[in-house]
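File shown: final-v7.pdb (PDB, C-alpha atoms and all ligand atoms).
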```pdb
ATOM      1  CA  MET A1243      -4.726  -4.854 -13.008
ATOM      2  CA  LYS A1244      -2.750  -6.252 -10.048
ATOM      3  CA  LYS A1245      -2.436  -9.686 -11.702
ATOM      4  CA  LYS A1246      -1.146  -8.118 -14.888
ATOM      5  CA  LEU A1247       1.391  -6.038 -12.966
ATOM      6  CA  ILE A1248       2.676  -9.017 -10.932
ATOM      7  CA  GLN A1249       3.593 -10.742 -14.218
ATOM      8  CA  ILE A1250       5.870  -7.932 -15.300
ATOM      9  CA  LEU A1251       7.679  -7.220 -12.019
ATOM     10  CA  PRO A1252      11.410  -7.975 -12.002
ATOM     11  CA  LYS A1253      12.836 -10.322  -9.353
ATOM     12  CA  HIS A1254      12.725  -8.701  -5.933
ATOM     13  CA  LYS A1255      13.073  -9.389  -2.236
ATOM     14  CA  LEU A1256      10.134  -7.330  -1.002
ATOM     15  CA  THR A1257       7.864  -8.747   1.692
ATOM     16  CA  ASP A1258       4.119  -9.135   1.052
ATOM     17  CA  LYS A1259       3.501  -6.065   3.216
ATOM     18  CA  GLU A1260       5.984  -4.000   1.205
ATOM     19  CA  LEU A1261       4.525  -5.249  -2.054
ATOM     20  CA  ASP A1262       1.058  -4.184  -0.872
ATOM     21  CA  GLU A1263       2.426  -0.724  -0.070
ATOM     22  CA  PHE A1264       4.040  -0.567  -3.536
ATOM     23  CA  PHE A1265       0.807  -1.551  -5.296
ATOM     24  CA  ASP A1266      -1.212   0.952  -3.254
ATOM     25  CA  ILE A1267       1.005   3.688  -4.729
ATOM     26  CA  ILE A1268       1.142   2.510  -8.336
ATOM     27  CA  ILE A1269      -2.295   1.027  -9.091
ATOM     28  CA  PRO A1270      -4.209   4.354  -9.093
ATOM     29  CA  ILE A1271      -1.619   5.613 -11.622
ATOM     30  CA  CYS A1272      -1.800   2.434 -13.766
ATOM     31  CA  GLU A1273      -5.603   2.693 -13.959
ATOM     32  CA  HIS A1274      -5.450   5.854 -16.094
ATOM     33  CA  GLU A1275      -6.413   5.224 -19.738
ATOM     34  CA  GLU A1276      -3.172   6.802 -20.981
ATOM     35  CA  PHE A1277      -1.127   4.491 -18.782
ATOM     36  CA  LYS A1278      -3.085   1.440 -19.967
ATOM     37  CA  ILE A1279      -2.200   2.326 -23.580
ATOM     38  CA  ARG A1280       1.463   2.430 -22.556
ATOM     39  CA  LEU A1281       1.231  -1.071 -21.092
ATOM     40  CA  ASP A1282       0.545  -2.382 -24.609
ATOM     41  CA  ALA A1283       3.848  -3.399 -26.269
ATOM     42  CA  LEU A1284       2.356  -3.169 -29.758
ATOM     43  CA  LYS A1285       1.133   0.397 -29.261
ATOM     44  CA  PHE A1286       4.013   1.585 -27.075
ATOM     45  CA  PRO A1287       7.278  -0.372 -27.404
ATOM     46  CA  HIS A1288       9.992   1.327 -25.304
ATOM     47  CA  HIS A1289      13.219  -0.699 -25.436
ATOM     48  CA  GLY A1290      13.029  -3.457 -28.031
ATOM     49  CA  ASN A1291       9.537  -4.897 -27.689
ATOM     50  CA  ILE A1292       9.201  -4.205 -23.947
ATOM     51  CA  SER A1293       6.225  -1.901 -23.422
ATOM     52  CA  LEU A1294       6.777   1.556 -21.999
ATOM     53  CA  GLY A1295       4.388   0.697 -19.140
ATOM     54  CA  GLU A1296       6.406  -2.402 -18.257
ATOM     55  CA  HIS A1297       9.641  -0.382 -18.242
ATOM     56  CA  ILE A1298       8.049   2.231 -15.966
ATOM     57  CA  VAL A1299       6.621  -0.303 -13.498
ATOM     58  CA  LYS A1300       9.995  -2.088 -13.286
ATOM     59  CA  ASP A1301      11.718   1.249 -12.692
ATOM     60  CA  ALA A1302       9.193   2.021  -9.929
ATOM     61  CA  LEU A1303       9.826  -1.317  -8.204
ATOM     62  CA  ILE A1304      13.610  -0.926  -8.308
ATOM     63  CA  THR A1305      13.164   2.647  -7.034
ATOM     64  CA  TYR A1306      11.107   1.313  -4.108
ATOM     65  CA  ALA A1307      13.832  -1.258  -3.317
ATOM     66  CA  LEU A1308      16.587   1.404  -3.495
ATOM     67  CA  CYS A1309      14.584   3.669  -1.142
ATOM     68  CA  LYS A1310      14.199   0.814   1.324
ATOM     69  CA  LYS A1311      17.978   0.299   1.319
ATOM     70  CA  LYS A1312      18.642   4.023   1.851
ATOM     71  CA  ASN A1313      16.108   4.251   4.671
ATOM     72  CA  LYS A1314      17.752   1.280   6.389
ATOM     73  CA  LYS A1315      21.025   3.198   6.290
ATOM     74  CA  GLY A1316      19.316   6.083   8.063
ATOM     75  CA  LYS A1317      18.823   8.372   5.050
ATOM     76  CA  LYS A1318      15.413   9.982   4.837
ATOM     77  CA  VAL A1319      13.834   9.212   1.481
ATOM     78  CA  ASN A1320      10.141   9.640   0.784
ATOM     79  CA  LYS A1321       9.366   6.248  -0.793
ATOM     80  CA  ARG A1322       5.924   7.306  -1.953
ATOM     81  CA  LEU A1323       7.220  10.403  -3.754
ATOM     82  CA  ALA A1324      10.128   8.500  -5.299
ATOM     83  CA  VAL A1325       7.819   5.777  -6.655
ATOM     84  CA  ILE A1326       5.376   8.380  -8.018
ATOM     85  CA  THR A1327       8.289  10.140  -9.759
ATOM     86  CA  ALA A1328       9.352   6.793 -11.262
ATOM     87  CA  MET A1329       5.785   6.176 -12.489
ATOM     88  CA  PHE A1330       5.811   9.542 -14.284
ATOM     89  CA  HIS A1331       9.424   9.667 -15.524
ATOM     90  CA  ASP A1332       8.867   8.442 -19.099
ATOM     91  CA  LEU A1333       5.251   9.445 -19.819
ATOM     92  CA  TYR A1334       6.250  10.992 -23.133
ATOM     93  CA  GLU A1335       3.703  11.562 -25.868
ATOM     94  CA  LYS A1336       4.565   9.237 -28.764
ATOM     95  CA  PRO A1337       6.607   6.032 -29.270
ATOM     96  CA  TRP A1338      10.189   6.901 -30.268
ATOM     97  CA  GLN A1339      11.475   3.726 -31.953
ATOM     98  CA  ASN A1340      10.997   3.819 -35.746
ATOM     99  CA  SER A1341       9.200   7.129 -35.292
ATOM    100  CA  GLU A1342       8.400   9.124 -38.409
ATOM    101  CA  ILE A1343       8.646  12.357 -36.416
ATOM    102  CA  LYS A1344      11.430  14.538 -37.727
ATOM    103  CA  LYS A1345      12.770  17.331 -35.518
ATOM    104  CA  LYS A1346      14.150  20.426 -37.227
ATOM    105  CA  VAL A1347      17.064  20.707 -34.804
ATOM    106  CA  PHE A1348      19.043  17.936 -33.117
ATOM    107  CA  ARG A1349      18.800  19.513 -29.647
ATOM    108  CA  ASN A1350      15.029  18.873 -29.751
ATOM    109  CA  ALA A1351      15.439  15.109 -30.398
ATOM    110  CA  HIS A1352      13.512  12.640 -28.214
ATOM    111  CA  GLY A1353      16.469  11.894 -25.907
ATOM    112  CA  PHE A1354      16.789  15.546 -24.839
ATOM    113  CA  THR A1355      13.105  16.525 -24.676
ATOM    114  CA  HIS A1356      11.086  13.459 -23.569
ATOM    115  CA  PRO A1357      11.432  14.247 -19.841
ATOM    116  CA  ILE A1358       9.783  17.622 -20.539
ATOM    117  CA  GLU A1359       6.921  15.918 -22.409
ATOM    118  CA  ALA A1360       6.634  13.467 -19.481
ATOM    119  CA  SER A1361       6.363  16.237 -16.885
ATOM    120  CA  ILE A1362       3.657  18.006 -18.935
ATOM    121  CA  ASN A1363       1.632  14.800 -19.406
ATOM    122  CA  ALA A1364       1.979  13.862 -15.721
ATOM    123  CA  ILE A1365       0.612  17.272 -14.646
ATOM    124  CA  ILE A1366      -2.316  17.043 -17.107
ATOM    125  CA  TRP A1367      -3.254  13.399 -16.442
ATOM    126  CA  TYR A1368      -2.553  13.306 -12.686
ATOM    127  CA  PRO A1369      -3.155  16.876 -11.396
ATOM    128  CA  GLU A1370      -3.876  15.724  -7.828
ATOM    129  CA  TYR A1371      -0.191  14.743  -7.374
ATOM    130  CA  PHE A1372       0.922  18.315  -8.126
ATOM    131  CA  LYS A1373      -1.403  20.194  -5.742
ATOM    132  CA  ASN A1374       1.193  20.227  -2.964
ATOM    133  CA  ARG A1375       3.763  22.526  -4.539
ATOM    134  CA  LYS A1376       6.758  21.238  -2.528
ATOM    135  CA  GLU A1377       5.980  17.686  -3.639
ATOM    136  CA  ALA A1378       5.406  18.947  -7.186
ATOM    137  CA  GLU A1379       8.912  20.438  -7.207
ATOM    138  CA  ILE A1380      10.491  17.132  -6.115
ATOM    139  CA  ILE A1381       8.517  15.132  -8.708
ATOM    140  CA  ILE A1382       9.180  17.561 -11.569
ATOM    141  CA  ASP A1383      12.917  17.835 -10.834
ATOM    142  CA  GLY A1384      13.144  14.023 -10.665
ATOM    143  CA  ILE A1385      11.305  13.495 -13.967
ATOM    144  CA  LEU A1386      13.328  16.145 -15.791
ATOM    145  CA  HIS A1387      16.771  14.928 -14.762
ATOM    146  CA  HIS A1388      16.184  11.154 -14.820
ATOM    147  CA  MET A1389      18.414  10.748 -17.899
ATOM    148  CA  PHE A1390      21.552  12.202 -16.238
ATOM    149  CA  PRO A1391      24.409  12.043 -17.329
ATOM    150  CA  PHE A1392      22.528  12.381 -20.633
ATOM    151  CA  PRO A1393      21.631  16.092 -20.900
ATOM    152  CA  LEU A1394      18.178  17.675 -20.746
ATOM    153  CA  ARG A1395      17.040  20.357 -23.203
ATOM    154  CA  SER A1396      16.936  23.702 -21.365
ATOM    155  CA  ILE A1397      13.818  25.812 -21.820
ATOM    156  CA  LYS A1398      13.775  29.483 -22.595
ATOM    157  CA  ASN A1399      10.559  29.314 -24.517
ATOM    158  CA  PHE A1400       8.388  26.170 -24.854
ATOM    159  CA  GLU A1401       7.603  27.030 -28.489
ATOM    160  CA  GLU A1402      11.167  26.303 -29.608
ATOM    161  CA  LEU A1403      11.245  22.731 -28.324
ATOM    162  CA  GLU A1404       9.152  20.918 -30.993
ATOM    163  CA  LEU A1405       7.329  19.018 -28.230
ATOM    164  CA  ASN A1406       4.748  16.437 -29.322
ATOM    165  CA  ASN A1407       2.415  17.674 -26.580
ATOM    166  CA  TYR A1408       3.010  21.424 -26.886
ATOM    167  CA  ASN A1409      -0.747  22.095 -27.122
ATOM    168  CA  LYS A1410      -1.188  21.007 -23.475
ATOM    169  CA  ILE A1411       0.986  23.786 -22.077
ATOM    170  CA  LYS A1412      -1.784  26.372 -22.002
ATOM    171  CA  LYS A1413      -3.743  24.152 -19.586
ATOM    172  CA  ILE A1414      -0.949  24.171 -16.976
ATOM    173  CA  ASP A1415      -0.708  26.718 -14.136
ATOM    174  CA  ASP A1416       2.049  29.293 -14.537
ATOM    175  CA  ASP A1417       3.806  28.361 -11.292
ATOM    176  CA  LEU A1418       4.183  24.721 -12.406
ATOM    177  CA  LEU A1419       5.461  25.819 -15.826
ATOM    178  CA  GLU A1420       7.903  28.079 -14.010
ATOM    179  CA  MET A1421       9.147  25.072 -11.979
ATOM    180  CA  ILE A1422       9.799  23.129 -15.200
ATOM    181  CA  ILE A1423      11.639  26.054 -16.788
ATOM    182  CA  LYS A1424      13.743  26.763 -13.692
ATOM    183  CA  SER A1425      14.761  23.134 -13.185
ATOM    184  CA  SER A1426      15.649  22.743 -16.893
ATOM    185  CA  ASN A1427      18.047  25.692 -16.701
ATOM    186  CA  LYS A1428      20.240  24.481 -13.844
ATOM    187  CA  ASN A1429      23.881  23.758 -14.817
ATOM    188  CA  LYS A1430      23.103  24.994 -18.292
ATOM    189  CA  LEU A1431      25.688  24.706 -21.041
ATOM    190  CA  PHE A1432      24.630  26.015 -24.448
ATOM    191  CA  ASN A1433      21.055  24.674 -24.842
ATOM    192  CA  VAL A1434      21.137  21.791 -22.377
ATOM    193  CA  SER A1435      21.268  21.134 -18.653
ATOM    194  CA  PHE A1436      23.774  18.646 -17.173
ATOM    195  CA  LYS A1437      22.430  17.979 -13.738
ATOM    196  CA  LYS A1438      21.335  15.220 -11.385
ATOM    197  CA  SER A1439      18.078  15.809  -9.573
ATOM    198  CA  ILE A1440      18.799  17.801  -6.439
ATOM    199  CA  TYR A1441      16.477  15.471  -4.481
ATOM    200  CA  LEU A1442      17.442  11.973  -3.330
ATOM    201  CA  GLU A1443      14.061  10.689  -4.580
ATOM    202  CA  GLY A1444      14.915  11.813  -8.129
ATOM    203  CA  LYS A1445      18.479  10.496  -7.926
ATOM    204  CA  LEU A1446      17.169   7.041  -7.038
ATOM    205  CA  VAL A1447      14.670   7.074  -9.939
ATOM    206  CA  SER A1448      17.550   7.884 -12.287
ATOM    207  CA  LYS A1449      19.656   5.054 -10.849
ATOM    208  CA  ALA A1450      16.752   2.608 -11.136
ATOM    209  CA  ASP A1451      16.216   3.696 -14.755
ATOM    210  CA  LYS A1452      19.812   2.724 -15.652
ATOM    211  CA  ILE A1453      19.506  -0.618 -13.850
ATOM    212  CA  VAL A1454      16.228  -1.467 -15.610
ATOM    213  CA  SER A1455      17.269  -0.243 -19.066
ATOM    214  CA  MET A1456      20.693  -1.849 -19.123
ATOM    215  CA  LEU A1457      20.090  -5.065 -17.198
ATOM    216  CA  LYS A1458      16.460  -5.928 -17.886
ATOM    217  CA  ASP A1459      15.017  -4.193 -20.956
ATOM    218  CA  ILE A1460      17.774  -4.008 -23.549
ATOM    219  CA  THR A1461      18.281  -7.635 -24.427
ATOM    220  CA  SER A1462      19.314  -7.366 -28.072
ATOM    221  CA  PHE A1463      21.943  -5.529 -30.056
ATOM    222  CA  ASN A1464      19.244  -3.872 -32.188
ATOM    223  CA  ALA A1465      17.419  -2.575 -29.086
ATOM    224  CA  LEU A1466      20.694  -1.029 -27.883
ATOM    225  CA  LEU A1467      21.482   0.410 -31.306
ATOM    226  CA  ALA A1468      17.991   1.964 -31.408
ATOM    227  CA  CYS A1469      19.000   4.156 -28.432
ATOM    228  CA  LEU A1470      21.485   5.843 -30.773
ATOM    229  CA  THR A1471      19.666   5.709 -34.102
ATOM    230  CA  GLY A1472      15.980   5.659 -33.107
ATOM    231  CA  LYS A1473      15.482   2.741 -35.532
ATOM    232  CA  ASN A1474      14.855  -0.859 -34.517
ATOM    233  CA  PRO A1475      14.401  -3.346 -37.412
ATOM    234  CA  ASP A1476      13.269  -6.076 -34.956
ATOM    235  CA  LEU A1477       9.987  -4.261 -34.315
ATOM    236  CA  LYS A1478       8.918  -4.414 -37.942
ATOM    237  CA  LYS A1479       8.935  -8.214 -37.889
TER
HETATM  238 FE    FE B   1      13.701   8.372 -20.217
HETATM  239 FE    FE B   2      13.100   5.221 -18.317
END
```

Just dump the structure as structure tokens.
Amino acid sequence: MKKKLIQILPKHKLTDKELDEFFDIIIPICEHEEFKIRLDALKFPHHGNISLGEHIVKDALITYALCKKKNKKGKKVNKRLAVITAMFHDLYEKPWQNSEIKKKVFRNAHGFTHPIEASINAIIWYPEYFKNRKEAEIIIDGILHHMFPFPLRSIKNFEELELNNYNKIKKIDDDLLEMIIKSSNKNKLFNVSFKKSIYLEGKLVSKADKIVSMLKDITSFNALLACLTGKNPDLKK
């Protein structure tokens, strides 16, 4: 696994010791069967033909580097929690490019709802990371608001959201569901929430996501256009 991950890391200036610390955090997460599927670009293309897993790992590395910078400046960021949040931020249920899934209402489209699917999947696949409820709150808030300034669908009732993993909700403890609902309703306008994560860890994940998506993943016009239309003709080739 480590060899495979080294091949997909973006350029960085981390020392060997820092890289070891980074891998100690991410490898247990990468070893999950669901994560392995997302490392396969044919099964899970995210931007263009970059796999979702590759996007996530790059985001996690940039998050680690941003945390290091903040800590040097004397800010207290929990690197481990920030990297875990990055590893979970896009664990949505189904590939979105050229998807046949049709949502009945626009506000339930992938862009608005995938962070909610990601938080549900992260809780189901990695329950040990959500046992400490304070840490769970930081991770969930970071996952949900990683797309800021793009809005997040606010939740009144999970049934309305047309989630691709709705059936998993009944397996989640009420207090964690309550955390998701509460965080999704902050700065609410109509049916969406316009809000950065309130935690520095989450803010850095969101920043890393922009850096990775815009500078590293989206390398063609069609991949960029797919962010608006959901369709990428390059993938069919
Ligand atoms: Fe995302
Ligand atoms: Fe992302």

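For the structure shown here, the set of residues caught by the PyMOL selection byres (((not hetatm)) within 7 of (chain B and resi 1)) is His1331, Asp1332, His1356, Pro1357, His1388 and Met1389 of chain A.
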
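Minimum atom-to-atom distances from A:Ser1361, A:Lys1253, A:His1288, A:Glu1370 to Pro1270 (chain A) were compared using all atoms listed in the file, and the lowest value belongs to A:Glu1370.
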
| said: Could you tell me, as a count of residues only, exactly which residues end up selected when the PyMOL selection byres (((chain A and resi 1438-1452) around 6) and not hetatm) is applied to this structure? | reply: 15

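Closest approach to His1352 (chain A) among A:Ala1364, A:Ile1380, A:Leu1403, A:Cys1309 is made by A:Leu1403 (distances from all atoms listed in the file).
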
| query | Written as a ChimeraX atom specification, which residues does the PyMOL selection byres (((chain A and resi 1419-1436) around 12) and not hetatm) give for the file shown? | reply | /A:1347-1351,1353-1355,1357-1362,1365-1366,1372,1375-1400,1402-1403,1410-1418,1437-1441

| said: So the first atom is CA of Glu1335 (chain A) and the second is CA of Val1299 (chain A); what is the distance between them in Å, to one decimal place? | reply: 17.4 Å

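Distances from A:Leu1323, A:Leu1261, A:Leu1333, A:Ala1307 to ligand FE 2 (chain B) were compared using only C-alpha atoms and all ligand atoms, and the smallest one belongs to A:Leu1333.
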
| query | Mind pulling up the distance from CA of Phe1286 (chain A) to CA of Leu1303 (chain A)? | reply | 20.0 Å

Taking all atoms of region 1398-1417 of chain A that the file lists, what box with edges along x, y and z, padded by 5 Å per side, do you get, with centre and edge lengths in Å to one decimal, as JSON?
```
{"center_x": 5.0, "center_y": 23.0, "center_z": -21.1, "size_x": 27.5, "size_y": 23.0, "size_z": 29.7}
```

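The two atoms in question, CA of Arg1280 (chain A) and CA of Leu1294 (chain A), are spaced 5.4 Å apart.
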
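Closest approach to Gln1249 (chain A) among A:His1274, A:Glu1296, A:Ile1326, A:Tyr1371: A:Glu1296, based on all atoms listed in the file.
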
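Using all atoms listed in the file, the shortest contact distance between Gln1339 (chain A) and any of A:Lys1245, A:Thr1327, A:Ile1269, A:Gly1290 is found at A:Gly1290.
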
| request: Starting from the point (-2.5, -1.2, -19.3), work out which residues of protein, DNA or RNA have an atom no more than 10 Å away when counting only C-alpha atoms; state them as a PyMOL selection string. | output: chain A and resi 1243+1246-1247+1272-1283+1293+1295-1296

| remark: Counting all atoms listed in the file, the residue among A:Lys1321, A:Lys1346, A:Lys1300, A:Lys1285 that lies closest to ligand FE 2 (chain B) is A:Lys1300

| Nearby residues (only C-alpha atoms) at most 12 Å from Glu1263 (chain A), same-chain spacing under 4 positions excluded, as a VMD selection string | chain A and resid 1256 to 1259 1267 to 1269 1303 1306 to 1307 1310 1321 to 1322 1325

Can you write just those residues out, C-alpha atoms, as a short mmCIF file (atom, residue, chain, number, x, y, z; two decimals), in the frame of the given file?
```cif
data_model
loop_
_atom_site.label_atom_id
_atom_site.label_comp_id
_atom_site.auth_asym_id
_atom_site.auth_seq_id
_atom_site.Cartn_x
_atom_site.Cartn_y
_atom_site.Cartn_z
CA LEU A 1256 10.13 -7.33 -1.00
CA THR A 1257 7.86 -8.75 1.69
CA ASP A 1258 4.12 -9.14 1.05
CA LYS A 1259 3.50 -6.06 3.22
CA ILE A 1267 1.00 3.69 -4.73
CA ILE A 1268 1.14 2.51 -8.34
CA ILE A 1269 -2.30 1.03 -9.09
CA LEU A 1303 9.83 -1.32 -8.20
CA TYR A 1306 11.11 1.31 -4.11
CA ALA A 1307 13.83 -1.26 -3.32
CA LYS A 1310 14.20 0.81 1.32
CA LYS A 1321 9.37 6.25 -0.79
CA ARG A 1322 5.92 7.31 -1.95
CA VAL A 1325 7.82 5.78 -6.66
#
```
